[in-house]
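Chemist: So here's target_9.cif (mmCIF, C-alpha atoms).
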data_entry
#
loop_
_atom_site.label_atom_id
_atom_site.label_comp_id
_atom_site.auth_asym_id
_atom_site.auth_seq_id
_atom_site.Cartn_x
_atom_site.Cartn_y
_atom_site.Cartn_z
CA MET F 1 -26.94 -48.38 -62.82
CA SER F 2 -27.99 -49.34 -59.28
CA LEU F 3 -29.04 -46.77 -56.70
CA GLY F 4 -26.07 -47.71 -54.55
CA ARG F 5 -23.69 -47.16 -57.46
CA ARG F 6 -25.21 -43.73 -58.16
CA LYS F 7 -24.81 -42.75 -54.50
CA THR F 8 -21.17 -43.83 -54.51
CA MET F 9 -20.42 -41.78 -57.61
CA SER F 10 -22.25 -38.78 -56.16
CA ALA F 11 -20.28 -38.98 -52.92
CA ALA F 12 -17.02 -38.95 -54.88
CA THR F 13 -17.88 -35.66 -56.56
CA VAL F 14 -17.38 -32.20 -55.07
CA ARG F 15 -19.89 -29.78 -56.56
CA VAL F 16 -18.79 -26.16 -56.79
CA LEU F 17 -20.78 -23.08 -57.78
CA SER F 18 -18.32 -20.35 -58.71
CA ALA F 19 -18.11 -16.85 -60.05
CA GLY F 20 -16.43 -16.85 -63.47
CA ALA F 21 -13.75 -14.26 -62.78
CA ILE F 22 -11.29 -16.89 -61.55
CA GLU F 23 -12.18 -19.60 -64.07
CA PRO F 24 -8.77 -20.59 -65.50
CA GLY F 25 -7.07 -20.87 -62.12
CA LEU F 26 -9.93 -22.80 -60.55
CA THR F 27 -10.20 -25.13 -63.54
CA GLY F 28 -6.51 -25.98 -63.26
CA ALA F 29 -6.71 -26.47 -59.50
CA ALA F 30 -9.73 -28.75 -59.80
CA ARG F 31 -7.98 -30.85 -62.43
CA ALA F 32 -4.81 -31.18 -60.36
CA PHE F 33 -6.76 -32.02 -57.20
CA GLY F 34 -8.72 -34.70 -59.02
CA GLU F 35 -5.58 -36.28 -60.43
CA GLN F 36 -3.84 -36.28 -57.05
CA HIS F 37 -6.75 -37.38 -54.87
CA GLY F 38 -9.10 -39.27 -57.16
CA VAL F 39 -11.98 -36.93 -56.33
CA SER F 40 -13.95 -35.35 -59.16
CA VAL F 41 -14.70 -31.62 -58.92
CA GLU F 42 -17.75 -30.48 -60.89
CA ILE F 43 -17.88 -26.71 -61.40
CA ALA F 44 -20.91 -24.65 -62.37
CA TRP F 45 -20.16 -21.05 -63.42
CA ALA F 46 -22.42 -18.09 -62.76
CA THR F 47 -22.33 -14.37 -62.14
CA THR F 48 -22.55 -13.27 -58.52
CA PRO F 49 -26.13 -11.94 -58.95
CA ASN F 50 -27.12 -15.31 -60.43
CA ILE F 51 -25.35 -17.17 -57.61
CA ARG F 52 -27.43 -15.17 -55.13
CA ARG F 53 -30.61 -16.26 -56.91
CA ARG F 54 -29.54 -19.90 -57.01
CA VAL F 55 -28.57 -19.94 -53.35
CA ALA F 56 -31.91 -18.34 -52.44
CA ALA F 57 -33.61 -21.14 -54.40
CA ASP F 58 -31.77 -23.71 -52.21
CA GLU F 59 -29.71 -25.29 -54.98
CA VAL F 60 -27.36 -27.83 -53.45
CA HIS F 61 -23.62 -27.35 -53.88
CA ASP F 62 -20.71 -28.36 -51.67
CA ILE F 63 -18.64 -25.20 -52.13
CA LEU F 64 -19.37 -21.63 -53.17
CA ILE F 65 -16.69 -19.37 -54.64
CA VAL F 66 -17.81 -15.77 -54.51
CA PRO F 67 -16.65 -12.25 -53.65
CA ALA F 68 -15.82 -11.91 -49.96
CA ASP F 69 -18.74 -9.57 -49.28
CA ALA F 70 -21.18 -12.09 -50.76
CA ALA F 71 -19.66 -14.83 -48.59
CA VAL F 72 -20.37 -12.72 -45.50
CA GLU F 73 -24.00 -12.40 -46.61
CA PHE F 74 -24.32 -16.14 -47.19
CA GLU F 75 -22.78 -16.91 -43.80
CA ALA F 76 -25.25 -14.59 -42.09
CA ALA F 77 -28.10 -16.35 -43.92
CA GLY F 78 -26.86 -19.74 -42.74
CA LYS F 79 -25.88 -20.88 -46.23
CA LEU F 80 -22.12 -21.16 -45.60
CA VAL F 81 -20.15 -22.71 -42.77
CA ARG F 82 -18.81 -19.91 -40.58
CA ASP F 83 -15.09 -19.26 -40.21
CA GLY F 84 -14.19 -21.66 -42.99
CA ARG F 85 -13.40 -19.31 -45.86
CA VAL F 86 -10.29 -19.87 -47.99
CA PRO F 87 -9.04 -16.67 -49.68
CA LEU F 88 -8.16 -17.26 -53.34
CA GLY F 89 -6.96 -13.80 -54.34
CA ALA F 90 -8.17 -10.61 -55.92
CA VAL F 91 -9.17 -9.75 -59.48
CA GLY F 92 -8.94 -6.25 -60.93
CA VAL F 93 -10.74 -4.60 -63.83
CA GLY F 94 -9.05 -4.13 -67.17
CA VAL F 95 -9.57 -3.08 -70.77
CA ALA F 96 -9.52 -5.13 -73.96
CA VAL F 97 -10.18 -4.56 -77.66
CA ARG F 98 -10.63 -6.80 -80.65
CA ALA F 99 -7.34 -8.13 -82.02
CA GLY F 100 -6.11 -5.88 -84.81
CA ALA F 101 -8.00 -2.83 -83.58
CA GLY F 102 -6.23 0.30 -82.43
CA VAL F 103 -4.95 0.00 -78.87
CA PRO F 104 -6.12 2.90 -76.69
CA ASP F 105 -3.99 4.55 -74.03
CA VAL F 106 -5.66 3.90 -70.66
CA SER F 107 -2.67 4.72 -68.45
CA THR F 108 -4.29 7.73 -66.75
CA VAL F 109 -7.82 8.75 -65.85
CA GLU F 110 -7.75 11.50 -68.48
CA ARG F 111 -6.57 9.17 -71.25
CA LEU F 112 -9.05 6.47 -70.27
CA THR F 113 -11.83 9.05 -70.39
CA ALA F 114 -10.79 10.20 -73.85
CA ALA F 115 -10.63 6.61 -75.11
CA LEU F 116 -14.09 5.83 -73.74
CA LEU F 117 -15.63 8.93 -75.30
CA GLY F 118 -13.94 8.19 -78.62
CA ALA F 119 -14.98 4.54 -78.85
CA GLU F 120 -17.81 3.47 -81.14
CA SER F 121 -19.23 1.25 -78.41
CA VAL F 122 -18.49 0.32 -74.81
CA ILE F 123 -19.21 -3.17 -73.50
CA PHE F 124 -19.20 -4.72 -70.03
CA THR F 125 -21.16 -7.31 -68.08
CA LEU F 126 -23.89 -7.58 -65.49
CA ALA F 127 -21.47 -9.50 -63.27
CA THR F 128 -19.38 -8.16 -60.36
CA SER F 129 -16.90 -6.36 -62.61
CA GLY F 130 -19.68 -4.80 -64.66
CA ILE F 131 -21.52 -3.61 -61.57
CA TYR F 132 -18.35 -1.83 -60.51
CA VAL F 133 -17.75 -0.39 -64.00
CA GLU F 134 -21.26 1.10 -64.00
CA SER F 135 -20.70 2.74 -60.61
CA MET F 136 -17.25 4.00 -61.65
CA LEU F 137 -18.58 5.58 -64.85
CA LYS F 138 -21.36 7.27 -62.88
CA ARG F 139 -18.87 8.66 -60.36
CA GLN F 140 -16.78 10.04 -63.21
CA GLY F 141 -19.82 11.69 -64.78
CA LEU F 142 -19.47 9.52 -67.89
CA TYR F 143 -22.34 7.06 -67.71
CA GLU F 144 -25.05 9.29 -69.17
CA ARG F 145 -22.72 10.46 -71.95
CA LEU F 146 -21.80 6.90 -72.84
CA ALA F 147 -25.24 5.31 -72.31
CA PRO F 148 -26.31 5.37 -75.99
CA LYS F 149 -23.33 3.22 -76.95
CA ILE F 150 -23.17 0.89 -73.93
CA THR F 151 -24.05 -2.79 -74.34
CA ARG F 152 -24.07 -5.15 -71.36
CA PHE F 153 -23.86 -8.93 -71.31
CA GLU F 154 -24.95 -11.50 -68.74
CA THR F 155 -21.54 -13.18 -68.51
CA GLY F 156 -17.91 -12.62 -69.42
CA PRO F 157 -17.81 -15.39 -72.05
CA GLU F 158 -20.85 -13.90 -73.81
CA MET F 159 -19.18 -10.51 -73.87
CA MET F 160 -15.90 -11.92 -75.16
CA ALA F 161 -17.65 -13.87 -77.93
CA HIS F 162 -19.31 -10.64 -79.03
CA LEU F 163 -15.99 -8.79 -78.97
CA ILE F 164 -14.19 -11.47 -80.97
CA HIS F 165 -16.83 -11.82 -83.66
CA GLY F 166 -18.09 -8.23 -83.80
CA ARG F 167 -17.02 -5.26 -85.85
CA GLY F 168 -16.04 -1.68 -85.25
CA ASP F 169 -14.13 0.11 -82.52
CA GLU F 170 -15.39 -1.53 -79.34
CA PHE F 171 -14.03 -0.78 -75.87
CA CYS F 172 -14.38 -3.73 -73.49
CA LEU F 173 -14.14 -3.45 -69.69
CA GLY F 174 -14.06 -6.61 -67.59
CA ALA F 175 -12.35 -8.79 -65.03
CA ILE F 176 -8.67 -8.96 -65.94
CA VAL F 177 -8.55 -12.75 -65.64
CA GLU F 178 -11.42 -13.18 -68.09
CA LEU F 179 -9.89 -10.74 -70.57
CA MET F 180 -6.55 -12.53 -70.44
CA MET F 181 -8.24 -15.89 -71.11
CA PHE F 182 -9.00 -14.77 -74.66
CA ARG F 183 -5.68 -13.20 -75.63
CA ASP F 184 -4.95 -15.97 -78.14
CA LYS F 185 -8.52 -16.12 -79.41
CA GLY F 186 -9.01 -12.74 -81.06
CA VAL F 187 -8.69 -10.33 -78.14
CA SER F 188 -5.96 -7.82 -77.32
CA TYR F 189 -5.59 -7.13 -73.61
CA VAL F 190 -4.81 -3.43 -73.23
CA GLY F 191 -4.13 -3.20 -69.50
CA PRO F 192 -5.68 -2.48 -66.11
CA LEU F 193 -7.70 0.55 -65.16
CA PRO F 194 -5.62 3.45 -63.83
CA SER F 195 -4.85 2.96 -60.14
CA ALA F 196 -7.09 5.87 -59.15
CA LEU F 197 -10.09 4.02 -60.60
CA GLN F 198 -9.06 0.42 -60.02
CA ARG F 199 -10.98 -1.92 -57.79
CA PHE F 200 -9.88 -5.40 -56.82
CA THR F 201 -12.55 -7.93 -55.87
CA GLU F 202 -11.46 -10.50 -53.28
CA TYR F 203 -12.69 -14.02 -54.00
CA VAL F 204 -13.07 -16.72 -51.37
CA ALA F 205 -14.11 -20.37 -51.30
CA ALA F 206 -16.29 -21.75 -48.52
CA ARG F 207 -18.18 -24.92 -47.68
CA THR F 208 -21.96 -24.80 -47.77
CA THR F 209 -24.09 -25.93 -44.84
CA ALA F 210 -26.29 -28.08 -47.09
CA GLY F 211 -23.58 -29.78 -49.15
CA GLU F 212 -23.80 -33.53 -49.75
CA ASN F 213 -20.04 -34.15 -49.72
CA PRO F 214 -18.59 -32.26 -46.73
CA ASN F 215 -15.49 -34.43 -46.48
CA GLY F 216 -14.64 -33.97 -50.15
CA ALA F 217 -15.34 -30.25 -49.83
CA ARG F 218 -12.96 -29.95 -46.87
CA ARG F 219 -10.22 -31.72 -48.83
CA PHE F 220 -10.64 -29.49 -51.87
CA LEU F 221 -10.66 -26.35 -49.72
CA ALA F 222 -7.44 -27.53 -48.07
CA TYR F 223 -5.91 -27.98 -51.52
CA LEU F 224 -7.00 -24.50 -52.61
CA ALA F 225 -5.03 -23.10 -49.66
CA THR F 226 -1.76 -24.69 -50.83
CA ALA F 227 1.10 -22.89 -52.53
CA GLU F 228 0.59 -25.09 -55.59
CA ALA F 229 -2.99 -23.90 -56.03
CA ARG F 230 -2.09 -20.26 -55.35
CA THR F 231 0.50 -20.44 -58.11
CA MET F 232 -2.15 -21.64 -60.56
CA PHE F 233 -4.34 -18.65 -59.73
CA ALA F 234 -1.43 -16.20 -59.87
CA ASP F 235 -0.37 -17.51 -63.29
CA CYS F 236 -3.83 -16.62 -64.62
CA GLY F 237 -3.82 -13.03 -63.41
CA VAL F 238 -5.28 -13.38 -59.91
CA GLU F 239 -3.49 -11.23 -57.33
CA THR F 240 -2.64 -13.69 -54.55
CA ALA F 241 -1.16 -13.17 -51.11
CA ALA F 242 2.42 -14.25 -50.57
CA GLY F 243 3.25 -17.11 -48.25
#
Represent the structure of the file as structure tokens.
Modeler:
Amino acid sequence: MSLGRRKTMSAATVRVLSAGAIEPGLTGAARAFGEQHGVSVEIAWATTPNIRRRVAADEVHDILIVPADAAVEFEAAGKLVRDGRVPLGAVGVGVAVRAGAGVPDVSTVERLTAALLGAESVIFTLATSGIYVESMLKRQGLYERLAPKITRFETGPEMMAHLIHGRGDEFCLGAIVELMMFRDKGVSYVGPLPSALQRFTEYVAARTTAGENPNGARRFLAYLATAEARTMFADCGVETAAG
């Protein structure tokens, strides 16, 4: 393949580095955008801590999709174009168990606490949702009591694979969207955290200052702001704004 041909193909691709909590909605939106506009969207998935490391290492991507607070940090560091963020919606934290296991009652703080203390093991990630779960358990005075039976995973998919193929009474806490992705694959989604403990993480998309395809990035961001794209995210469990 000639150098010119490789450059043409590269220019036609929008490269996205995204947190995994919105994966199904973003995957659908990227597919629809590509079909409608003839522009390929290549998505790399990572946890927010890993995205921070990759951005610090000057990896080149056209768009970042991250929690809103991380986007503010990246803007301040000159990594993202200012005032160009597209809000995608918010993702809460929920509970799941292995399909066929007993379904705990997590409807109140007291019942969630009892279920956590009664579980054989508690699993969550090192990603944004897991960072919040750790802080929530510490605030509730539960972390030290649960520590001997806590296992953490780098990513949501790693955690879900463990849950599906593991044994015993495991209590899984994670981003609701990721938990719902595996409902037909050996996971039972129990429900969200009680409102008193719930936290929704706002995710945004923004164009990078070092991207190689700024025009393609602008077009994809414009598509992500459409009602069609918002519906795709909402259908996958992302809380989106009306209008």
Chemist: Name the residues that the PyMOL selection byres ((chain F and resi 97-101) around 7) pulls out of this structure, and write them as a PDB file with C-alpha atoms, keeping the file's coordinate frame.
Modeler:
ATOM      1  CA  ALA F  96      -9.520  -5.130 -73.960  1.00  0.00           C
ATOM      2  CA  GLY F 102      -6.230   0.300 -82.430  1.00  0.00           C
ATOM      3  CA  VAL F 103      -4.950   0.000 -78.870  1.00  0.00           C
ATOM      4  CA  LEU F 163     -15.990  -8.790 -78.970  1.00  0.00           C
ATOM      5  CA  ILE F 164     -14.190 -11.470 -80.970  1.00  0.00           C
ATOM      6  CA  ASP F 169     -14.130   0.110 -82.520  1.00  0.00           C
ATOM      7  CA  GLU F 170     -15.390  -1.530 -79.340  1.00  0.00           C
ATOM      8  CA  PHE F 171     -14.030  -0.780 -75.870  1.00  0.00           C
ATOM      9  CA  CYS F 172     -14.380  -3.730 -73.490  1.00  0.00           C
ATOM     10  CA  GLY F 186      -9.010 -12.740 -81.060  1.00  0.00           C
ATOM     11  CA  VAL F 187      -8.690 -10.330 -78.140  1.00  0.00           C
ATOM     12  CA  SER F 188      -5.960  -7.820 -77.320  1.00  0.00           C
ATOM     13  CA  TYR F 189      -5.590  -7.130 -73.610  1.00  0.00           C
TER      14      TYR F 189
END
Chemist: Tell me which residues the PyMOL selection byres ((chain F and resi 112) around 12) grabs here, as a VMD selection string.
Modeler: chain F and resid 94 to 95 103 to 111 113 to 119 137 140 142 171 to 173 190 to 198
Chemist: Restricting the calculation to all atoms listed in the file: of F:Ala12, F:Ala30, F:Leu146, F:Met159, which residue gets closest to Phe220 (chain F)?
Modeler: F:Ala30
Chemist: Tell me, as a list in words, which residues lie within 9 Å of Leu221 (chain F), counting only C-alpha atoms; anything in the same chain fewer than 6 positions away does not count.
Modeler: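 Once the nearby chain positions are removed, what remains is Ile63, Gly84, Arg85, Val86, Ala205, Ala206 and Arg207 of chain F.
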Chemist: Just say which residues the PyMOL selection byres ((chain F and resi 175) around 7) picks in this file, as a list of chain:residue names.
Modeler: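 On the file shown, the PyMOL selection byres ((chain F and resi 175) around 7) covers F:Ala21, F:Val91, F:Gly92, F:Val93, F:Gly94, F:Ser129, F:Gly174, F:Ile176, F:Val177, F:Glu178, F:Leu179.
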Chemist: For CA of Ile123 (chain F) and CA of Met160 (chain F), determine how far apart the two atoms are, in Å to one decimal place.
Modeler: 9.5 Å
Chemist: If I put a ball of radius 10 Å at (-26.3, -25.0, -53.9) in the file's coordinates, which residues poke into it when counting all atoms listed in the file, written as JSON, numbers by chain?
Modeler: {"F": [15, 16, 17, 51, 52, 54, 55, 56, 57, 58, 59, 60, 61, 62, 63, 64, 79, 208, 209, 210, 211, 212]}
Chemist: Please check which residues have atoms at most 10 Å from (-15.7, -12.2, -57.8) in the file's coordinates, counting all atoms listed in the file, and write them as a PyMOL selection string.
Modeler: chain F and resi 18-22+47-48+65-70+89-92+127-129+175+200-204
Chemist: If you measure from CA of Glu35 (chain F) to CA of Pro87 (chain F), what distance in Å do you get, rounded to one decimal?
Modeler: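 Value for the CA of Glu35 (chain F)-CA of Pro87 (chain F) distance: 22.6 Å.
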Chemist: To one decimal place in Å, what is the distance between CA of Val122 (chain F) and CA of Met180 (chain F)?
Modeler: 18.1 Å
Chemist: Taking only C-alpha atoms into account, name the residue in F:Ala32, F:Leu26, F:Arg167, F:Arg219 that is nearest to Val14 (chain F).
Modeler: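 Among the listed residues, the smallest separation from Val14 (chain F) belongs to F:Arg219.
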Chemist: Taking into account only C-alpha atoms, which residue in the set F:His37, F:Arg199, F:Arg218, F:Arg31 is nearest to Ser135 (chain F)?
Modeler: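 Checking each of F:His37, F:Arg199, F:Arg218, F:Arg31 against Ser135 (chain F), counting only C-alpha atoms, the winner is F:Arg199.
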Chemist: Complete the atom set of region 79-97 of chain F to N, CA and C atoms and return it as an mmCIF file, in the frame of the given file.
Modeler:
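Result saved to part_34.cif:
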data_model
loop_
_atom_site.group_PDB
_atom_site.id
_atom_site.type_symbol
_atom_site.label_atom_id
_atom_site.label_comp_id
_atom_site.auth_asym_id
_atom_site.auth_seq_id
_atom_site.Cartn_x
_atom_site.Cartn_y
_atom_site.Cartn_z
ATOM 1 N N LYS F 79 -26.141 -20.086 -45.032
ATOM 2 C CA LYS F 79 -25.880 -20.880 -46.230
ATOM 3 C C LYS F 79 -24.445 -21.410 -46.299
ATOM 4 N N LEU F 80 -23.524 -20.745 -45.609
ATOM 5 C CA LEU F 80 -22.120 -21.160 -45.600
ATOM 6 C C LEU F 80 -21.668 -21.443 -44.179
ATOM 7 N N VAL F 81 -20.743 -22.395 -44.061
ATOM 8 C CA VAL F 81 -20.150 -22.710 -42.770
ATOM 9 C C VAL F 81 -19.321 -21.517 -42.308
ATOM 10 N N ARG F 82 -19.521 -21.079 -41.088
ATOM 11 C CA ARG F 82 -18.810 -19.910 -40.580
ATOM 12 C C ARG F 82 -17.335 -20.210 -40.322
ATOM 13 N N ASP F 83 -16.524 -19.198 -40.528
ATOM 14 C CA ASP F 83 -15.090 -19.260 -40.210
ATOM 15 C C ASP F 83 -14.351 -20.334 -41.002
ATOM 16 N N GLY F 84 -14.860 -20.642 -42.190
ATOM 17 C CA GLY F 84 -14.190 -21.660 -42.990
ATOM 18 C C GLY F 84 -13.780 -21.175 -44.365
ATOM 19 N N ARG F 85 -13.699 -19.856 -44.538
ATOM 20 C CA ARG F 85 -13.400 -19.310 -45.860
ATOM 21 C C ARG F 85 -11.924 -19.468 -46.208
ATOM 22 N N VAL F 86 -11.652 -19.795 -47.465
ATOM 23 C CA VAL F 86 -10.290 -19.870 -47.990
ATOM 24 C C VAL F 86 -10.115 -18.734 -48.995
ATOM 25 N N PRO F 87 -9.257 -17.753 -48.719
ATOM 26 C CA PRO F 87 -9.040 -16.670 -49.680
ATOM 27 C C PRO F 87 -8.283 -17.172 -50.909
ATOM 28 N N LEU F 88 -8.775 -16.816 -52.086
ATOM 29 C CA LEU F 88 -8.160 -17.260 -53.340
ATOM 30 C C LEU F 88 -7.364 -16.160 -54.020
ATOM 31 N N GLY F 89 -7.663 -14.911 -53.712
ATOM 32 C CA GLY F 89 -6.960 -13.800 -54.340
ATOM 33 C C GLY F 89 -7.930 -12.753 -54.837
ATOM 34 N N ALA F 90 -7.382 -11.749 -55.475
ATOM 35 C CA ALA F 90 -8.170 -10.610 -55.920
ATOM 36 C C ALA F 90 -8.046 -10.429 -57.430
ATOM 37 N N VAL F 91 -9.126 -9.964 -58.031
ATOM 38 C CA VAL F 91 -9.170 -9.750 -59.480
ATOM 39 C C VAL F 91 -9.522 -8.294 -59.757
ATOM 40 N N GLY F 92 -8.703 -7.636 -60.561
ATOM 41 C CA GLY F 92 -8.940 -6.250 -60.930
ATOM 42 C C GLY F 92 -9.742 -6.132 -62.212
ATOM 43 N N VAL F 93 -9.992 -4.898 -62.614
ATOM 44 C CA VAL F 93 -10.740 -4.600 -63.830
ATOM 45 C C VAL F 93 -9.788 -4.058 -64.883
ATOM 46 N N GLY F 94 -9.926 -4.555 -66.102
ATOM 47 C CA GLY F 94 -9.050 -4.130 -67.170
ATOM 48 C C GLY F 94 -9.803 -3.796 -68.443
ATOM 49 N N VAL F 95 -9.032 -3.512 -69.479
ATOM 50 C CA VAL F 95 -9.570 -3.080 -70.770
ATOM 51 C C VAL F 95 -9.055 -4.008 -71.862
ATOM 52 N N ALA F 96 -9.915 -4.320 -72.811
ATOM 53 C CA ALA F 96 -9.520 -5.130 -73.960
ATOM 54 C C ALA F 96 -10.198 -4.587 -75.217
ATOM 55 N N VAL F 97 -9.602 -4.899 -76.357
ATOM 56 C CA VAL F 97 -10.180 -4.560 -77.660
ATOM 57 C C VAL F 97 -10.058 -5.770 -78.563
#
